[in-house]
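**Q** Sharing entry_31.cif (mmCIF, C-alpha atoms and all ligand atoms) below.
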data_coords
#
loop_
_atom_site.label_atom_id
_atom_site.label_comp_id
_atom_site.auth_asym_id
_atom_site.auth_seq_id
_atom_site.Cartn_x
_atom_site.Cartn_y
_atom_site.Cartn_z
CA MET M 1 0.00 0.00 0.00
CA ASP M 2 1.56 3.25 -1.13
CA PRO M 3 2.26 5.23 2.03
CA SER M 4 1.37 8.38 0.14
CA SER M 5 -1.92 6.78 -0.95
CA SER M 6 -2.45 5.49 2.59
CA SER M 7 -1.61 8.97 3.88
CA SER M 8 -3.78 10.44 1.12
CA SER M 9 -6.48 7.91 1.94
CA SER M 10 -6.08 8.73 5.60
CA SER M 11 -5.98 12.42 4.75
CA SER M 12 -8.91 11.98 2.35
CA SER M 13 -10.75 10.03 4.99
CA SER M 14 -9.76 12.73 7.52
CA SER M 15 -10.62 15.56 5.06
CA SER M 16 -13.95 13.93 4.24
CA SER M 17 -14.91 13.43 7.90
CA PRO M 18 -15.80 16.54 9.97
CA PRO M 19 -13.03 17.84 12.34
CA SER M 20 -13.12 16.19 15.72
CA GLU M 21 -15.84 17.97 17.70
CA GLY M 22 -14.25 18.02 21.14
CA PRO M 23 -15.71 20.18 23.93
CA LEU M 24 -14.99 23.98 23.80
CA PRO M 25 -12.02 25.03 25.96
CA TRP M 26 -13.07 26.59 29.28
CA TRP M 27 -12.08 30.07 28.17
CA GLY M 28 -14.18 29.73 25.02
CA VAL M 29 -17.19 28.82 27.14
CA ALA M 30 -16.50 31.69 29.56
CA GLY M 31 -16.09 34.20 26.73
CA ALA M 32 -19.28 33.06 25.06
CA LEU M 33 -21.20 33.33 28.33
CA VAL M 34 -19.87 36.87 28.98
CA LEU M 35 -20.80 37.98 25.48
CA LEU M 36 -24.25 36.43 25.82
CA ALA M 37 -24.77 38.03 29.21
CA ALA M 38 -23.55 41.40 27.90
CA ALA M 39 -25.95 41.16 24.95
CA LEU M 40 -28.79 40.50 27.38
CA SER M 41 -27.86 42.85 30.21
CA PRO M 42 -27.40 46.62 29.70
CA ARG M 43 -25.88 46.87 33.18
CA LEU M 44 -23.22 44.29 32.32
CA ARG M 45 -22.60 45.86 28.92
CA PHE M 46 -22.09 49.25 30.58
CA ARG M 47 -19.74 47.81 33.20
CA LEU M 48 -17.71 45.96 30.59
CA ARG M 49 -17.40 49.08 28.45
CA ILE M 50 -16.45 51.52 31.22
CA GLY M 51 -14.23 48.85 32.76
CA SER M 52 -12.44 48.45 29.45
CA TYR M 53 -11.89 52.23 29.44
CA CYS M 54 -10.33 52.13 32.92
CA LEU M 55 -8.20 49.18 31.91
CA LEU M 56 -7.14 50.98 28.73
CA CYS M 57 -6.14 54.05 30.77
CA LEU M 58 -4.14 51.91 33.17
CA LEU M 59 -2.43 49.95 30.38
CA ALA M 60 -1.77 52.96 28.16
CA SER M 61 -0.36 54.83 31.15
CA ALA M 62 1.93 51.93 32.03
CA LEU M 63 3.22 51.83 28.47
CA THR M 64 3.52 55.61 28.06
CA ALA M 65 5.35 56.26 31.32
CA PRO M 66 8.64 54.67 30.16
CA ALA M 67 8.40 56.66 26.92
CA CYS M 68 8.03 59.87 28.93
CA LEU M 69 10.99 58.94 31.11
CA LEU M 70 13.19 58.02 28.16
CA TRP M 71 12.16 61.02 26.06
CA ASN M 72 11.95 63.77 28.64
CA ARG M 73 13.75 62.22 31.62
CA GLY M 74 11.09 62.91 34.28
CA ARG M 75 8.18 65.20 35.32
CA THR M 76 7.68 67.91 32.74
CA VAL M 77 4.79 69.53 30.88
CA ARG M 78 6.46 68.35 27.67
CA ASN M 79 5.18 64.84 28.51
CA MET M 80 1.65 66.14 28.01
CA THR M 81 2.27 66.09 24.26
CA ILE M 82 3.03 62.36 24.40
CA ILE M 83 0.06 61.68 26.69
CA LYS M 84 -2.24 63.76 24.48
CA ASN M 85 -1.31 61.84 21.33
CA VAL M 86 -1.96 58.53 23.06
CA VAL M 87 -5.31 59.50 24.61
CA ARG M 88 -6.57 61.07 21.38
CA THR M 89 -6.73 57.57 19.86
CA PHE M 90 -9.29 56.46 22.48
CA LYS M 91 -12.12 58.30 20.68
CA TYR M 92 -11.91 55.80 17.83
CA ILE M 93 -12.23 52.85 20.21
CA TYR M 94 -15.38 54.24 21.83
CA GLY M 95 -16.90 55.88 18.76
CA LEU M 96 -16.77 59.44 20.07
CA ARG M 97 -16.83 62.21 17.46
CA PHE M 98 -15.89 65.82 18.25
CA GLU M 99 -17.18 68.99 16.64
CA LEU M 100 -14.74 71.77 17.57
CA LYS M 101 -15.36 75.51 17.53
CA GLY M 102 -13.28 78.48 18.67
CA LEU M 103 -9.85 76.83 18.88
CA GLU M 104 -8.36 80.13 17.72
CA HIS M 105 -9.05 81.45 21.24
CA PHE M 106 -6.28 79.18 22.49
CA GLU M 107 -3.75 81.11 20.40
CA ILE M 108 -2.66 83.13 23.39
CA GLU M 109 0.96 84.07 23.85
CA GLY M 110 1.94 83.06 27.35
CA PRO M 111 0.04 81.56 30.28
CA CYS M 112 -3.71 81.55 30.82
CA VAL M 113 -6.24 79.72 33.00
CA ILE M 114 -8.49 77.38 31.03
CA ILE M 115 -11.75 76.30 32.69
CA SER M 116 -14.25 73.69 31.50
CA ASN M 117 -17.25 71.70 32.65
CA HIS M 118 -16.56 68.22 34.01
CA GLN M 119 -18.97 65.35 33.37
CA SER M 120 -17.15 62.05 33.76
CA ILE M 121 -13.86 60.16 33.56
CA LEU M 122 -14.45 60.24 29.79
CA ASP M 123 -13.56 63.94 29.96
CA MET M 124 -9.94 62.90 29.57
CA ILE M 125 -10.65 62.11 25.92
CA GLY M 126 -12.23 65.53 25.35
CA LEU M 127 -9.45 67.23 27.29
CA MET M 128 -6.72 65.70 25.17
CA GLU M 129 -8.66 66.37 21.95
CA ILE M 130 -7.97 70.10 22.25
CA LEU M 131 -5.25 70.42 24.92
CA PRO M 132 -2.93 73.29 23.93
CA GLU M 133 0.84 72.96 24.23
CA ARG M 134 2.43 73.53 27.64
CA CYS M 135 -0.83 73.05 29.56
CA VAL M 136 -1.18 71.17 32.86
CA GLN M 137 -4.28 70.37 34.93
CA ILE M 138 -5.28 70.78 38.56
CA ALA M 139 -6.38 67.40 39.95
CA LYS M 140 -7.63 66.04 43.25
CA ARG M 141 -4.69 64.42 44.97
CA GLU M 142 -6.49 61.06 45.24
CA LEU M 143 -5.81 60.57 41.53
CA MET M 144 -2.07 60.33 42.26
CA TYR M 145 -2.74 56.91 43.82
CA MET M 146 -4.49 55.45 40.78
CA GLY M 147 -1.60 53.20 39.79
CA SER M 148 -0.05 53.91 36.43
CA VAL M 149 -2.65 56.63 35.73
CA GLY M 150 -1.41 58.53 38.77
CA LEU M 151 2.16 58.06 37.60
CA ILE M 152 1.45 59.39 34.12
CA MET M 153 -0.36 62.39 35.60
CA TYR M 154 2.66 63.09 37.78
CA LEU M 155 5.03 62.78 34.82
CA GLY M 156 2.81 65.10 32.76
CA GLY M 157 3.16 67.86 35.35
CA VAL M 158 -0.38 67.60 36.79
CA ILE M 159 -0.79 69.63 39.98
CA PHE M 160 -2.46 67.75 42.84
CA ILE M 161 -4.53 69.57 45.44
CA ASN M 162 -6.27 68.57 48.65
CA ARG M 163 -9.83 69.64 47.99
CA LYS M 164 -10.71 69.12 51.63
CA SER M 165 -8.28 71.79 52.84
CA THR M 166 -8.91 75.25 51.44
CA SER M 167 -5.72 76.58 53.00
CA ASN M 168 -3.62 73.81 51.45
CA ALA M 169 -5.34 74.24 48.08
CA LYS M 170 -4.86 78.00 48.21
CA SER M 171 -1.14 77.70 48.92
CA VAL M 172 -0.69 75.15 46.15
CA MET M 173 -2.57 77.42 43.76
CA ALA M 174 -0.36 80.34 44.78
CA ASP M 175 2.70 78.25 43.90
CA VAL M 176 1.02 77.34 40.61
CA GLY M 177 0.71 81.03 39.82
CA GLN M 178 4.43 81.57 40.24
CA ALA M 179 5.25 78.51 38.13
CA MET M 180 2.84 79.59 35.40
CA MET M 181 4.68 82.86 34.92
CA SER M 182 8.22 81.52 35.32
CA GLU M 183 7.73 78.45 33.12
CA ASN M 184 5.14 79.86 30.68
CA VAL M 185 2.57 77.17 31.45
CA LYS M 186 -1.19 77.19 30.92
CA VAL M 187 -3.37 75.67 33.67
CA TRP M 188 -6.61 73.76 33.04
CA ILE M 189 -9.06 73.75 35.96
CA TYR M 190 -12.51 72.18 36.36
CA PRO M 191 -14.23 74.90 38.44
CA GLU M 192 -17.14 72.66 39.38
CA GLY M 193 -14.58 70.73 41.44
CA THR M 194 -16.20 67.36 40.77
CA ARG M 195 -17.85 65.33 38.01
CA ASN M 196 -21.38 66.37 37.16
CA GLY M 197 -23.47 64.41 34.66
CA SER M 198 -26.68 66.39 35.15
CA GLY M 199 -26.48 68.28 31.86
CA ASP M 200 -26.27 71.55 33.83
CA LEU M 201 -23.42 73.29 35.69
CA LEU M 202 -22.70 73.03 39.38
CA PRO M 203 -21.88 76.29 41.21
CA PHE M 204 -18.27 77.27 40.48
CA LYS M 205 -15.47 77.12 43.01
CA LYS M 206 -13.36 80.27 43.01
CA GLY M 207 -9.76 78.98 42.87
CA ALA M 208 -9.42 79.29 39.10
CA PHE M 209 -10.54 82.91 39.19
CA HIS M 210 -8.30 83.83 42.12
CA LEU M 211 -5.41 82.28 40.21
CA ALA M 212 -6.18 84.22 37.02
CA ILE M 213 -6.48 87.51 38.87
CA GLN M 214 -3.37 86.89 41.00
CA THR M 215 -1.36 86.29 37.81
CA GLN M 216 -3.33 88.80 35.69
CA VAL M 217 -3.71 86.21 32.91
CA PRO M 218 -6.90 85.66 30.85
CA VAL M 219 -9.49 83.01 31.65
CA VAL M 220 -10.44 80.88 28.61
CA PRO M 221 -13.78 79.08 29.13
CA VAL M 222 -14.29 75.74 27.31
CA VAL M 223 -17.66 74.00 27.14
CA TYR M 224 -18.33 70.35 26.25
CA SER M 225 -21.87 69.45 25.24
CA SER M 226 -23.81 67.20 27.57
CA PHE M 227 -22.89 63.50 27.43
CA THR M 228 -26.39 62.45 28.56
CA SER M 229 -27.39 61.33 25.04
CA PHE M 230 -24.75 58.61 25.01
CA TYR M 231 -23.38 58.32 28.56
CA ASN M 232 -25.45 57.94 31.71
CA PRO M 233 -24.20 55.61 34.48
CA LYS M 234 -27.58 55.63 36.21
CA LYS M 235 -29.18 54.26 33.05
CA HIS M 236 -26.22 51.97 32.28
CA LEU M 237 -25.85 53.89 29.01
CA PHE M 238 -22.46 54.16 27.30
CA THR M 239 -22.60 54.14 23.51
CA SER M 240 -20.86 56.05 20.74
CA GLY M 241 -21.77 59.70 20.44
CA LYS M 242 -21.03 63.24 19.24
CA ILE M 243 -19.52 65.87 21.53
CA ARG M 244 -19.60 69.54 20.59
CA VAL M 245 -16.74 71.55 22.07
CA GLU M 246 -16.75 75.34 22.09
CA VAL M 247 -13.82 77.48 23.21
CA LEU M 248 -15.13 80.91 24.24
CA PRO M 249 -13.20 84.18 23.85
CA PRO M 250 -10.61 84.85 26.57
CA VAL M 251 -11.84 86.90 29.53
CA PRO M 252 -9.13 89.43 30.49
CA THR M 253 -8.19 89.97 34.15
CA GLU M 254 -5.72 92.85 33.82
CA GLY M 255 -6.49 95.44 36.50
CA LEU M 256 -8.83 93.12 38.39
CA THR M 257 -8.31 92.42 42.11
CA ALA M 258 -9.53 89.79 44.58
CA SER M 259 -12.64 91.87 45.10
CA ASP M 260 -13.57 91.16 41.45
CA VAL M 261 -13.46 87.35 41.86
CA ASP M 262 -17.18 86.89 42.35
CA GLU M 263 -18.07 89.02 39.32
CA LEU M 264 -15.50 87.23 37.14
CA THR M 265 -16.82 83.87 38.37
CA ASP M 266 -20.40 84.83 37.59
CA ARG M 267 -19.47 86.16 34.13
CA CYS M 268 -17.74 82.92 33.17
CA TYR M 269 -20.45 80.78 34.72
CA THR M 270 -23.24 82.54 32.82
CA ALA M 271 -21.41 82.42 29.48
CA MET M 272 -20.55 78.72 29.91
CA ARG M 273 -24.03 77.73 31.03
CA GLU M 274 -25.68 79.47 28.07
CA THR M 275 -23.18 77.77 25.73
CA LEU M 276 -23.74 74.39 27.39
CA PHE M 277 -27.49 74.61 26.88
CA ARG M 278 -27.08 75.80 23.28
CA ILE M 279 -24.59 73.16 22.12
CA SER M 280 -26.47 70.46 24.02
CA GLU M 281 -29.70 71.61 22.33
CA ARG M 282 -31.35 71.96 25.71
CA PRO M 283 -33.91 74.77 26.13
CA ALA M 284 -32.45 77.52 28.32
CA GLU M 285 -34.18 77.86 31.63
CA VAL M 286 -36.88 80.54 31.67
CA ASN M 287 -35.68 81.91 34.99
CA GLY M 288 -32.11 82.62 33.77
CA GLY M 289 -28.94 81.34 35.41
CA GLY M 290 -28.53 79.22 38.50
CA PRO M 291 -26.12 79.97 41.35
CA SER M 292 -22.60 80.53 40.03
CA VAL M 293 -20.54 80.26 43.18
CA SER M 294 -20.61 77.69 45.96
CA HIS M 295 -22.54 78.91 48.98
C1 LIG D 301 -1.49 57.74 28.48
C2 LIG D 301 -2.84 57.29 28.99
C3 LIG D 301 -3.45 58.26 30.03
C4 LIG D 301 -4.80 57.77 30.51
C5 LIG D 301 -5.37 58.73 31.53
C6 LIG D 301 -5.75 60.06 30.88
C7 LIG D 301 -5.28 61.26 31.27
C8 LIG D 301 -4.35 61.44 32.43
C9 LIG D 301 -3.31 62.48 32.19
C10 LIG D 301 -3.47 63.83 32.32
C11 LIG D 301 -4.81 64.49 32.55
C12 LIG D 301 -5.07 64.73 34.02
C13 LIG D 301 -6.44 65.41 34.19
C14 LIG D 301 -6.88 65.31 35.61
C15 LIG D 301 -8.26 65.90 35.79
C16 LIG D 301 -8.66 65.84 37.24
C17 LIG D 301 -9.88 66.68 37.51
C18 LIG D 301 -10.17 66.80 38.98
O1 LIG D 301 -9.57 66.19 39.81
S1 LIG D 301 -11.43 67.93 39.35
C19 LIG D 301 -11.31 68.06 41.10
C20 LIG D 301 -10.12 68.90 41.55
N1 LIG D 301 -10.17 70.29 41.04
C21 LIG D 301 -10.76 71.30 41.73
O2 LIG D 301 -11.31 71.12 42.79
C22 LIG D 301 -10.64 72.70 41.11
C23 LIG D 301 -11.75 73.57 41.53
N2 LIG D 301 -11.63 73.92 42.97
C24 LIG D 301 -11.14 75.15 43.35
O3 LIG D 301 -10.62 75.91 42.57
C25 LIG D 301 -11.39 75.54 44.81
O4 LIG D 301 -11.60 76.92 44.88
C26 LIG D 301 -10.22 75.18 45.78
C27 LIG D 301 -8.99 75.95 45.45
C28 LIG D 301 -9.98 73.69 45.72
C29 LIG D 301 -10.70 75.58 47.22
O5 LIG D 301 -11.82 74.80 47.47
P1 LIG D 301 -13.07 75.30 48.38
O6 LIG D 301 -14.06 74.17 48.46
O7 LIG D 301 -12.58 75.89 49.61
O8 LIG D 301 -13.71 76.34 47.40
P2 LIG D 301 -14.13 77.83 47.29
O9 LIG D 301 -13.79 78.14 45.88
O10 LIG D 301 -15.51 78.00 47.77
O11 LIG D 301 -13.15 78.75 48.24
C30 LIG D 301 -13.46 78.96 49.63
C31 LIG D 301 -12.92 80.33 50.00
O12 LIG D 301 -11.54 80.44 49.68
C32 LIG D 301 -11.33 81.49 48.72
N3 LIG D 301 -10.31 81.03 47.79
C33 LIG D 301 -10.36 79.94 47.00
N4 LIG D 301 -9.24 79.80 46.29
C34 LIG D 301 -8.46 80.86 46.63
C35 LIG D 301 -7.16 81.30 46.21
N5 LIG D 301 -6.45 80.60 45.30
N6 LIG D 301 -6.66 82.43 46.76
C36 LIG D 301 -7.40 83.13 47.66
N7 LIG D 301 -8.64 82.78 48.11
C37 LIG D 301 -9.14 81.65 47.59
C38 LIG D 301 -12.67 81.71 48.05
O13 LIG D 301 -12.79 83.01 47.55
C39 LIG D 301 -13.62 81.42 49.19
O14 LIG D 301 -13.69 82.55 50.03
P3 LIG D 301 -15.00 83.51 50.00
O15 LIG D 301 -16.21 82.61 50.06
O16 LIG D 301 -14.84 84.41 51.17
O17 LIG D 301 -14.90 84.21 48.69
C1 LIG D 302 -2.54 49.95 41.78
C2 LIG D 302 -3.80 50.78 42.01
C3 LIG D 302 -4.74 50.69 40.83
C4 LIG D 302 -5.94 51.61 41.02
C5 LIG D 302 -7.06 51.25 40.05
C6 LIG D 302 -7.69 52.48 39.48
C7 LIG D 302 -8.90 52.11 38.64
C8 LIG D 302 -9.28 53.26 37.71
C9 LIG D 302 -8.21 53.40 36.67
C10 LIG D 302 -8.31 54.25 35.68
C11 LIG D 302 -9.48 55.16 35.51
C12 LIG D 302 -9.17 56.14 34.42
C13 LIG D 302 -9.41 57.52 34.93
C14 LIG D 302 -8.80 58.55 34.03
C15 LIG D 302 -8.60 59.84 34.81
C16 LIG D 302 -9.91 60.36 35.32
C17 LIG D 302 -9.78 61.75 35.94
C18 LIG D 302 -11.12 62.12 36.55
O1 LIG D 302 -12.06 62.45 35.88
O2 LIG D 302 -11.18 61.95 37.92
C19 LIG D 302 -12.43 62.36 38.59
C20 LIG D 302 -12.14 63.70 39.25
O3 LIG D 302 -11.95 64.63 38.26
C21 LIG D 302 -13.29 64.17 40.13
O4 LIG D 302 -13.58 63.13 41.00
P1 LIG D 302 -15.01 63.19 41.76
O5 LIG D 302 -16.05 63.42 40.72
O6 LIG D 302 -14.95 64.33 42.73
O7 LIG D 302 -15.10 61.86 42.44
#
Would you mind writing the structure in this file as structure tokens?

**A**
Amino acid sequence: MDPSSSSSSSSSSSSSSPPSEGPLPWWGVAGALVLLAAALSPRLRFRLRIGSYCLLCLLASALTAPACLLWNRGRTVRNMTIIKNVVRTFKYIYGLRFELKGLEHFEIEGPCVIISNHQSILDMIGLMEILPERCVQIAKRELMYMGSVGLIMYLGGVIFINRKSTSNAKSVMADVGQAMMSENVKVWIYPEGTRNGSGDLLPFKKGAFHLAIQTQVPVVPVVYSSFTSFYNPKKHLFTSGKIRVEVLPPVPTEGLTASDVDELTDRCYTAMRETLFRISERPAEVNGGGPSVSH
């Protein structure tokens, strides 16, 4: 019997008979069950999607940190360019599309204080979509302990404050003011002081406005449209979506003093709230603006 024929016969017999139908490996079964459960359960689908985002941030941070260290040898605002280019790819993974308006208002020589509304941890994608060069953020210090994400924030020059201690926060912000001027750095602050997914604005904290007046630099308001059409943790909603971003004209602070903080805060709050309602296609409230400063 010709071995080739026997092999061909065995191969023909093997090619004619269906592949051996052994049981699925355990991981195949587990994966199939997760996918089935996710298809059936919005809550699970939401948790898988937002969990993948957290995992992506942790992994991307762990991989970007060595690049920052090799390229820029430590903590410097120059690392923000590397971080920005990495995070900007996330929008493709989650199907987020940005419509940008007013970027020319970022073309400011020298430092400024940028303020924007803050809706969720997804804001990092919107932040990096338009982040100008040499711009760092003010963050709650708890974020420093978020593993590789905390490390990458540190390397990018993020300034950590203790929100629970006004005196500590004020002294840190005073140091920020000096660094802004000496190192020609812009500072991005979320004046609401916390995430707010309501589709409206929380009353503004005053630190950003004190900082701008103390350094006599302009305040540049930035507004992101409401995420509620595609992201709502309470409804386990997290799909793809469009985000309108509008950079408003700089608000000058030359000649202003600490006694002008409340008026400057109100002016920015009102302009941002009107913009938020407009770009989110939400009817403006009949009774005008809400409270602008924390009481
Ligand atoms: C490669 C993959 C990467 C994957 C990860 C992606 C990105 C990571 C990398 C980089 C991006 C990092 C982005 C991080 C974003 C983090 C966002 C946050 O953490 S938001 C929360 C923290 N931020 C804030 O809280 C800012 C807003 N808060 C303030 O500005 C506050 O004013 C404050 C300074 C914290 C003080 O807080 P307080 O509650 O006391 O607020 P008030 O404003 O009411 O002030 C009380 C009182 O003090 C006076 N005041 C305030 N500040 C000052 C000042 N600087 N000087 C003088 N006086 C001040 C104020 O006027 C009040 O007095 P009065 O009522 O009499 O007027
Ligand atoms: C080894 C320790 C590992 C820790 C695991 C951490 C798990 C989460 C990991 C990554 C999450 C990605 C987050 C990207 C940065 C988000 C910045 C942000 O938006 O923080 C919220 C803060 O603005 C306001 O907080 P609050 O609304 O006041 O609350």

**Q** Please list as a ChimeraX atom specification every residue within 9 Å of M:Arg163, counting only C-alpha atoms and excluding residues in the same chain fewer than 2 positions away.

**A** /M:140-141,161,165-166,168-169,193

**Q** Which chain M residues have any atom within 10 Å of an atom of ligand LIG 302 (chain D), and for each, what is the nearest pair of atoms with distance in Å to one decimal, counting only C-alpha atoms and all ligand atoms, rows sorted by chain and number, as JSON lines?

**A**
{"residue": "M:Ile50", "atom": "CA", "partner": "D:LIG302", "partner_atom": "C11", "distance": 9.0}
{"residue": "M:Gly51", "atom": "CA", "partner": "D:LIG302", "partner_atom": "C8", "distance": 8.3}
{"residue": "M:Ser52", "atom": "CA", "partner": "D:LIG302", "partner_atom": "C10", "distance": 9.5}
{"residue": "M:Tyr53", "atom": "CA", "partner": "D:LIG302", "partner_atom": "C12", "distance": 6.9}
{"residue": "M:Cys54", "atom": "CA", "partner": "D:LIG302", "partner_atom": "C10", "distance": 4.0}
{"residue": "M:Leu55", "atom": "CA", "partner": "D:LIG302", "partner_atom": "C10", "distance": 6.3}
{"residue": "M:Leu56", "atom": "CA", "partner": "D:LIG302", "partner_atom": "C10", "distance": 7.8}
{"residue": "M:Cys57", "atom": "CA", "partner": "D:LIG302", "partner_atom": "C12", "distance": 5.2}
{"residue": "M:Leu58", "atom": "CA", "partner": "D:LIG302", "partner_atom": "C10", "distance": 5.4}
{"residue": "M:Leu59", "atom": "CA", "partner": "D:LIG302", "partner_atom": "C10", "distance": 9.0}
{"residue": "M:Ser61", "atom": "CA", "partner": "D:LIG302", "partner_atom": "C10", "distance": 9.2}
{"residue": "M:His118", "atom": "CA", "partner": "D:LIG302", "partner_atom": "O3", "distance": 7.2}
{"residue": "M:Gln119", "atom": "CA", "partner": "D:LIG302", "partner_atom": "O1", "distance": 7.9}
{"residue": "M:Ser120", "atom": "CA", "partner": "D:LIG302", "partner_atom": "O1", "distance": 5.5}
{"residue": "M:Ile121", "atom": "CA", "partner": "D:LIG302", "partner_atom": "O1", "distance": 3.7}
{"residue": "M:Leu122", "atom": "CA", "partner": "D:LIG302", "partner_atom": "O1", "distance": 6.9}
{"residue": "M:Asp123", "atom": "CA", "partner": "D:LIG302", "partner_atom": "O1", "distance": 6.3}
{"residue": "M:Met124", "atom": "CA", "partner": "D:LIG302", "partner_atom": "C15", "distance": 6.2}
{"residue": "M:Ile125", "atom": "CA", "partner": "D:LIG302", "partner_atom": "C14", "distance": 9.0}
{"residue": "M:Ile138", "atom": "CA", "partner": "D:LIG302", "partner_atom": "O3", "distance": 9.1}
{"residue": "M:Ala139", "atom": "CA", "partner": "D:LIG302", "partner_atom": "O3", "distance": 6.4}
{"residue": "M:Lys140", "atom": "CA", "partner": "D:LIG302", "partner_atom": "C20", "distance": 6.5}
{"residue": "M:Arg141", "atom": "CA", "partner": "D:LIG302", "partner_atom": "C20", "distance": 9.4}
{"residue": "M:Glu142", "atom": "CA", "partner": "D:LIG302", "partner_atom": "O4", "distance": 8.5}
{"residue": "M:Leu143", "atom": "CA", "partner": "D:LIG302", "partner_atom": "O2", "distance": 6.6}
{"residue": "M:Met144", "atom": "CA", "partner": "D:LIG302", "partner_atom": "C4", "distance": 9.6}
{"residue": "M:Tyr145", "atom": "CA", "partner": "D:LIG302", "partner_atom": "C2", "distance": 6.5}
{"residue": "M:Met146", "atom": "CA", "partner": "D:LIG302", "partner_atom": "C4", "distance": 4.1}
{"residue": "M:Gly147", "atom": "CA", "partner": "D:LIG302", "partner_atom": "C1", "distance": 3.9}
{"residue": "M:Ser148", "atom": "CA", "partner": "D:LIG302", "partner_atom": "C1", "distance": 7.1}
{"residue": "M:Val149", "atom": "CA", "partner": "D:LIG302", "partner_atom": "C10", "distance": 6.1}
{"residue": "M:Gly150", "atom": "CA", "partner": "D:LIG302", "partner_atom": "C15", "distance": 8.3}
{"residue": "M:Met153", "atom": "CA", "partner": "D:LIG302", "partner_atom": "C15", "distance": 8.7}
{"residue": "M:Arg163", "atom": "CA", "partner": "D:LIG302", "partner_atom": "O6", "distance": 9.1}
{"residue": "M:Ile189", "atom": "CA", "partner": "D:LIG302", "partner_atom": "O3", "distance": 9.8}
{"residue": "M:Tyr190", "atom": "CA", "partner": "D:LIG302", "partner_atom": "O3", "distance": 7.8}
{"residue": "M:Glu192", "atom": "CA", "partner": "D:LIG302", "partner_atom": "O6", "distance": 9.2}
{"residue": "M:Gly193", "atom": "CA", "partner": "D:LIG302", "partner_atom": "O6", "distance": 6.5}
{"residue": "M:Thr194", "atom": "CA", "partner": "D:LIG302", "partner_atom": "O6", "distance": 3.8}
{"residue": "M:Arg195", "atom": "CA", "partner": "D:LIG302", "partner_atom": "O5", "distance": 3.8}
{"residue": "M:Asn196", "atom": "CA", "partner": "D:LIG302", "partner_atom": "O5", "distance": 7.1}
{"residue": "M:Gly197", "atom": "CA", "partner": "D:LIG302", "partner_atom": "O5", "distance": 9.6}

**Q** Select, from M:Lys91, M:Thr265, M:Leu155, M:Arg282, the residue with the minimum atom-to-atom distance to M:Pro203, counting all atoms listed in the file.

**A** M:Thr265

**Q** Within 12 Å of (10.7, 64.5, 29.1) in the file's own coordinates, which protein, DNA or RNA residues have an atom, counting all atoms listed in the file? List them as a list of chain:residue names.

**A**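 Selection result: M:Thr64, M:Ala65, M:Pro66, M:Ala67, M:Cys68, M:Leu69, M:Leu70, M:Trp71, M:Asn72, M:Arg73, M:Gly74, M:Arg75, M:Thr76, M:Val77, M:Arg78, M:Asn79, M:Met80, M:Thr81, M:Ile82, M:Ile83, M:Ile152, M:Tyr154, M:Leu155, M:Gly156, M:Gly157.
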
**Q** Which of these residues is nearest to ligand LIG 301 (chain D), using all atoms listed in the file: M:Val86, M:Glu107, M:Val222, M:Val185?

**A**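 Closest candidate: M:Val86.
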
**Q** Given all atoms listed in the file as the basis, pick out the residue of M:Gly241, M:Gly126, M:Gly199, M:Pro221 nearest to M:Ser280.

**A**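 The shortest atom-to-atom distance to M:Ser280 comes from M:Gly199.
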
**Q** Would you list the residues near (-0.5, 78.5, 26.6), meaning any protein, DNA or RNA residue with an atom at most 6 Å from that point in file coordinates, counting only C-alpha atoms, as a VMD selection string?

**A** chain M and resid 110 to 111 134 185 to 186

**Q** In Å to one decimal, how far is atom C38 of ligand LIG 301 (chain D) from atom CA of M:Arg273?

**A** 20.8 Å

**Q** Just want the 7 Å neighbourhood of stretch 204-216 of chain M, counted on only C-alpha atoms, with same-chain residues fewer than 3 positions away dropped. Output as a count of residues only.

**A** 19

**Q** Can you work out the spacing between atom N7 of ligand LIG 301 (chain D) and atom CA of M:Asp266 in Å, to one decimal?

**A**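 Between atom N7 of ligand LIG 301 (chain D) and atom CA of M:Asp266 the gap is 15.9 Å.
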
**Q** With distances taken over all atoms listed in the file, which of M:Ser167, M:Ser240, M:Asn85, M:Thr275 is nearest to M:Leu131?

**A**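 Counting all atoms listed in the file, the residue closest to M:Leu131 is M:Asn85.
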
**Q** For atom CA of M:Arg47 and atom CA of M:His236, quote the distance in Å rounded to one decimal.

**A**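 Pair atom CA of M:Arg47 / atom CA of M:His236 returns 7.8 Å.
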
**Q** Point out the residue among M:Ser226, M:Gln137, M:Asn184, M:Thr239 with the least atom-to-atom distance to ligand LIG 301 (chain D), counting only C-alpha atoms and all ligand atoms.

**A** M:Gln137

**Q** Using only C-alpha atoms and all ligand atoms, can you tell me which of M:Gln178, M:Ser198, M:Thr228, M:Asn162 comes closest to ligand LIG 301 (chain D)?

**A**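 Nearest to ligand LIG 301 (chain D): M:Asn162.
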